[in-house]
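Here is the structure we will look at.
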Amino acid sequence: MTQQTTDERPGIAAAIVVHEGRVLMVRRRVSEGQLSWQFPAGEVGPGEEREAAAVRETQEEAGLTVEAVKLLGERVHPKTGRLMSYTACQILGGTAHVADTEELAKLAWVTLGDIPEYVPYGLFELVQDYLDGALSA
């Protein structure tokens with residue numbers, strides 16, 4: 001029996017969707033430890049680009065059609081040990097709603113000042129830097 005390591009599991013792609021001065025966050029039905037609120041995200045499929053996975057997951061989870069604007073960065077998540085990539089996305093169409101009712105409990109458009117209430121342990125520095133600029137503009 002072999003034990004899976006972080007390197008063997010698919011990476012997770014997260015979409016950072018900013019609209020009208022707020023960022024989209026989703027609450028999972030099953031939290032990963034302290035990670036109850038997070039960005040729309042999911043596993044990168046075989047042969048799939050990280051940015052494409054972020055776009056797909058946003059459609060599947062929140063019903064929004066978005067396009068990838070910029071890969072903000074990646075890291076091994078300190079709480080889950082998973083390789084995470086973060087992609088800034090802009091909305092092309094749709095209205096945000098809980099599209100994947102099995103996976104998500106709810107979603108919220110969060111202001112910069114309210115992010116610590118949703119993510120008390122802080123955001124990945126490159127994501128925080130992006131949001132500092134995008135949400136205070």
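By order in the structure tokens, chains are A, B, ...; within a chain, residues start at 1; ligands start at 1, following the order shown.
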### Task
Extract the full set of helix (DSSP H, G or I) residues from stretch 76-126 of chain A according to DSSP on the backbone, and format it as an NGL selection string.
:A and (112-118 or 125-126)
### Residue contacts of stretch 128-130 of chain A (10 Å, only C-alpha atoms) excluding same-chain residues fewer than 3 positions away, as a ChimeraX atom specification
/A:16,72,88,112,115,122-125,133-135
Using only C-alpha atoms, determine which residues lie at most 10 Å from stretch 8-11 of chain A, disregarding the query and same-chain residues fewer than 2 positions distant; provide the list as an mmCIF file with all heavy atoms, in the first residue's frame.
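Result file follows (around26.cif):
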data_model
loop_
_atom_site.group_PDB
_atom_site.id
_atom_site.type_symbol
_atom_site.label_atom_id
_atom_site.label_comp_id
_atom_site.auth_asym_id
_atom_site.auth_seq_id
_atom_site.Cartn_x
_atom_site.Cartn_y
_atom_site.Cartn_z
ATOM 1 N N GLN A 3 1.372 5.397 0.215
ATOM 2 C CA GLN A 3 0.748 6.582 0.792
ATOM 3 C C GLN A 3 0.854 7.719 -0.217
ATOM 4 O O GLN A 3 1.921 7.934 -0.782
ATOM 5 C CB GLN A 3 1.467 6.946 2.090
ATOM 6 C CG GLN A 3 0.809 8.090 2.817
ATOM 7 C CD GLN A 3 1.499 8.354 4.154
ATOM 8 O OE1 GLN A 3 2.512 7.761 4.465
ATOM 9 N NE2 GLN A 3 0.928 9.253 4.919
ATOM 10 N N GLN A 4 -0.257 8.412 -0.422
ATOM 11 C CA GLN A 4 -0.224 9.524 -1.366
ATOM 12 C C GLN A 4 0.512 10.700 -0.744
ATOM 13 O O GLN A 4 0.355 10.995 0.438
ATOM 14 C CB GLN A 4 -1.644 9.986 -1.714
ATOM 15 C CG GLN A 4 -2.286 9.144 -2.765
ATOM 16 C CD GLN A 4 -3.502 9.849 -3.346
ATOM 17 O OE1 GLN A 4 -4.236 10.489 -2.634
ATOM 18 N NE2 GLN A 4 -3.688 9.710 -4.630
ATOM 19 N N THR A 5 1.290 11.358 -1.580
ATOM 20 C CA THR A 5 1.951 12.571 -1.133
ATOM 21 C C THR A 5 1.333 13.740 -1.887
ATOM 22 O O THR A 5 0.599 13.558 -2.845
ATOM 23 C CB THR A 5 3.462 12.527 -1.424
ATOM 24 O OG1 THR A 5 3.641 12.478 -2.851
ATOM 25 C CG2 THR A 5 4.131 11.328 -0.788
ATOM 26 N N THR A 6 1.663 14.929 -1.447
ATOM 27 C CA THR A 6 1.145 16.130 -2.087
ATOM 28 C C THR A 6 1.446 16.118 -3.575
ATOM 29 O O THR A 6 0.627 16.510 -4.388
ATOM 30 C CB THR A 6 1.800 17.369 -1.441
ATOM 31 O OG1 THR A 6 1.509 17.334 -0.054
ATOM 32 C CG2 THR A 6 1.248 18.649 -2.011
ATOM 33 N N ALA A 13 -6.929 24.792 -8.599
ATOM 34 C CA ALA A 13 -6.953 26.106 -9.242
ATOM 35 C C ALA A 13 -8.061 26.939 -8.620
ATOM 36 O O ALA A 13 -9.203 26.495 -8.548
ATOM 37 C CB ALA A 13 -7.195 25.965 -10.741
ATOM 38 N N ALA A 14 -7.712 28.142 -8.160
ATOM 39 C CA ALA A 14 -8.685 29.048 -7.554
ATOM 40 C C ALA A 14 -8.879 30.267 -8.444
ATOM 41 O O ALA A 14 -7.922 30.767 -9.041
ATOM 42 C CB ALA A 14 -8.212 29.485 -6.171
ATOM 43 N N GLY A 42 -11.068 24.200 -7.641
ATOM 44 C CA GLY A 42 -11.186 22.756 -7.781
ATOM 45 C C GLY A 42 -9.943 22.185 -8.425
ATOM 46 O O GLY A 42 -9.028 22.922 -8.809
ATOM 47 N N GLU A 43 -9.923 20.867 -8.526
ATOM 48 C CA GLU A 43 -8.750 20.187 -9.066
ATOM 49 C C GLU A 43 -8.546 20.484 -10.546
ATOM 50 O O GLU A 43 -9.504 20.560 -11.314
ATOM 51 C CB GLU A 43 -8.878 18.679 -8.865
ATOM 52 C CG GLU A 43 -8.742 18.264 -7.418
ATOM 53 C CD GLU A 43 -8.719 16.759 -7.223
ATOM 54 O OE1 GLU A 43 -9.002 16.007 -8.182
ATOM 55 O OE2 GLU A 43 -8.418 16.341 -6.093
ATOM 56 N N VAL A 44 -7.291 20.620 -10.901
ATOM 57 C CA VAL A 44 -6.906 20.789 -12.301
ATOM 58 C C VAL A 44 -6.946 19.405 -12.949
ATOM 59 O O VAL A 44 -6.339 18.459 -12.444
ATOM 60 C CB VAL A 44 -5.487 21.394 -12.413
ATOM 61 C CG1 VAL A 44 -5.076 21.540 -13.870
ATOM 62 C CG2 VAL A 44 -5.418 22.740 -11.686
ATOM 63 N N GLY A 45 -7.687 19.286 -14.044
ATOM 64 C CA GLY A 45 -7.808 18.007 -14.730
ATOM 65 C C GLY A 45 -6.540 17.658 -15.502
ATOM 66 O O GLY A 45 -5.717 18.526 -15.789
ATOM 67 N N PRO A 46 -6.381 16.378 -15.872
ATOM 68 C CA PRO A 46 -5.212 15.957 -16.655
ATOM 69 C C PRO A 46 -5.127 16.749 -17.967
ATOM 70 O O PRO A 46 -6.105 16.841 -18.695
ATOM 71 C CB PRO A 46 -5.474 14.476 -16.937
ATOM 72 C CG PRO A 46 -6.467 14.052 -15.900
ATOM 73 C CD PRO A 46 -7.286 15.273 -15.583
ATOM 74 N N ARG A 50 -3.993 25.579 -15.614
ATOM 75 C CA ARG A 50 -4.493 26.079 -14.323
ATOM 76 C C ARG A 50 -5.557 27.158 -14.513
ATOM 77 O O ARG A 50 -6.586 27.158 -13.840
ATOM 78 C CB ARG A 50 -3.340 26.650 -13.490
ATOM 79 C CG ARG A 50 -2.280 25.607 -13.160
ATOM 80 C CD ARG A 50 -1.026 26.235 -12.631
ATOM 81 N NE ARG A 50 -0.407 27.036 -13.694
ATOM 82 C CZ ARG A 50 0.761 27.637 -13.590
ATOM 83 N NH1 ARG A 50 1.453 27.547 -12.479
ATOM 84 N NH2 ARG A 50 1.254 28.337 -14.585
ATOM 85 N N ALA A 53 -8.856 25.690 -15.566
ATOM 86 C CA ALA A 53 -9.525 25.020 -14.445
ATOM 87 C C ALA A 53 -10.228 26.048 -13.557
ATOM 88 O O ALA A 53 -11.349 25.822 -13.097
ATOM 89 C CB ALA A 53 -8.521 24.207 -13.634
ATOM 90 N N GLU A 74 1.341 30.760 -7.383
ATOM 91 C CA GLU A 74 0.987 29.459 -6.819
ATOM 92 C C GLU A 74 1.840 29.184 -5.600
ATOM 93 O O GLU A 74 2.883 29.806 -5.399
ATOM 94 C CB GLU A 74 1.095 28.346 -7.849
ATOM 95 C CG GLU A 74 2.432 28.106 -8.434
ATOM 96 C CD GLU A 74 2.419 26.962 -9.452
ATOM 97 O OE1 GLU A 74 1.358 26.633 -10.005
ATOM 98 O OE2 GLU A 74 3.496 26.410 -9.667
ATOM 99 N N ARG A 75 1.355 28.257 -4.787
ATOM 100 C CA ARG A 75 2.047 27.867 -3.555
ATOM 101 C C ARG A 75 1.504 26.537 -3.086
ATOM 102 O O ARG A 75 0.444 26.098 -3.532
ATOM 103 C CB ARG A 75 1.826 28.906 -2.457
ATOM 104 C CG ARG A 75 0.373 28.896 -1.978
ATOM 105 C CD ARG A 75 0.175 29.701 -0.738
ATOM 106 N NE ARG A 75 -1.255 29.771 -0.405
ATOM 107 C CZ ARG A 75 -1.704 30.293 0.711
ATOM 108 N NH1 ARG A 75 -0.877 30.795 1.597
ATOM 109 N NH2 ARG A 75 -2.993 30.321 0.956
ATOM 110 N N VAL A 76 2.209 25.923 -2.162
ATOM 111 C CA VAL A 76 1.665 24.768 -1.453
ATOM 112 C C VAL A 76 0.899 25.358 -0.274
ATOM 113 O O VAL A 76 1.454 26.105 0.534
ATOM 114 C CB VAL A 76 2.782 23.812 -0.982
ATOM 115 C CG1 VAL A 76 2.198 22.724 -0.094
ATOM 116 C CG2 VAL A 76 3.503 23.208 -2.181
ATOM 117 N N GLY A 81 -1.721 21.396 2.331
ATOM 118 C CA GLY A 81 -0.594 20.732 1.689
ATOM 119 C C GLY A 81 -0.778 20.549 0.192
ATOM 120 O O GLY A 81 0.020 19.888 -0.461
ATOM 121 N N ARG A 82 -1.838 21.121 -0.382
ATOM 122 C CA ARG A 82 -2.111 20.985 -1.814
ATOM 123 C C ARG A 82 -1.444 22.118 -2.585
ATOM 124 O O ARG A 82 -1.372 23.250 -2.106
ATOM 125 C CB ARG A 82 -3.625 21.045 -2.085
ATOM 126 C CG ARG A 82 -4.460 19.978 -1.400
ATOM 127 C CD ARG A 82 -4.280 18.581 -1.941
ATOM 128 N NE ARG A 82 -4.687 18.379 -3.312
ATOM 129 C CZ ARG A 82 -5.861 17.915 -3.697
ATOM 130 N NH1 ARG A 82 -6.794 17.625 -2.805
ATOM 131 N NH2 ARG A 82 -6.113 17.728 -4.963
ATOM 132 N N LEU A 83 -1.009 21.806 -3.805
ATOM 133 C CA LEU A 83 -0.472 22.838 -4.687
ATOM 134 C C LEU A 83 -1.647 23.675 -5.177
ATOM 135 O O LEU A 83 -2.589 23.161 -5.757
ATOM 136 C CB LEU A 83 0.261 22.215 -5.878
ATOM 137 C CG LEU A 83 0.813 23.218 -6.891
ATOM 138 C CD1 LEU A 83 1.881 24.113 -6.250
ATOM 139 C CD2 LEU A 83 1.398 22.491 -8.096
ATOM 140 N N MET A 84 -1.593 24.975 -4.919
ATOM 141 C CA MET A 84 -2.661 25.897 -5.272
ATOM 142 C C MET A 84 -2.164 26.893 -6.296
ATOM 143 O O MET A 84 -1.062 27.413 -6.167
ATOM 144 C CB MET A 84 -3.106 26.712 -4.039
ATOM 145 C CG MET A 84 -3.747 25.924 -2.932
ATOM 146 S SD MET A 84 -5.438 25.438 -3.283
ATOM 147 C CE MET A 84 -6.220 26.987 -3.686
ATOM 148 N N SER A 85 -3.006 27.185 -7.306
ATOM 149 C CA SER A 85 -2.726 28.294 -8.210
ATOM 150 C C SER A 85 -3.898 29.261 -8.103
ATOM 151 O O SER A 85 -5.031 28.853 -7.843
ATOM 152 C CB SER A 85 -2.552 27.811 -9.647
ATOM 153 O OG SER A 85 -3.762 27.289 -10.143
#
I'd like the contact shell of A:Ala62 - 6 Å cut-off, only C-alpha atoms, skipping same-chain residues fewer than 6 positions apart - returned as a JSON list (two decimals) with N, CA and C atoms, in the first residue's frame.
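Result file follows (out03.json):
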[["chain", "number", "residue", "atom", "x", "y", "z"],
["A", 96, "ALA", "N", -24.05, 35.40, -10.20],
["A", 96, "ALA", "CA", -23.49, 34.46, -9.22],
["A", 96, "ALA", "C", -24.60, 33.85, -8.36],
["A", 97, "HIS", "N", -24.58, 32.54, -8.26],
["A", 97, "HIS", "CA", -25.49, 31.80, -7.40],
["A", 97, "HIS", "C", -24.83, 30.46, -7.07],
["A", 98, "VAL", "N", -25.37, 29.76, -6.09],
["A", 98, "VAL", "CA", -24.84, 28.44, -5.74],
["A", 98, "VAL", "C", -25.32, 27.47, -6.82],
["A", 99, "ALA", "N", -24.45, 27.22, -7.79],
["A", 99, "ALA", "CA", -24.79, 26.33, -8.90],
["A", 99, "ALA", "C", -24.56, 24.87, -8.53]]
### Near-A:Ala68 list (9 Å; only C-alpha atoms; drop same-chain fewer than 6 positions) as number ranges by chain
A: 15, 51-52, 54-55, 87-90
### Surrounding residues of A:Phe39 excluding itself and chain neighbours under 4 positions, 9 Å, only C-alpha atoms, as a ChimeraX atom specification
/A:14-17,23-27,58
### Message
Given only C-alpha atoms as the basis, pick out the residue of A:Ser36, A:Thr101, A:Thr80, A:Thr95 nearest to A:Leu64.
### Response
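Using only C-alpha atoms, the shortest distance to A:Leu64 belongs to A:Thr95.
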### Task
State, in Å with one decimal place, the distance from atom CA of A:Leu92 to atom CA of A:Thr65.
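Interatomic distance here is 5.4 Å.
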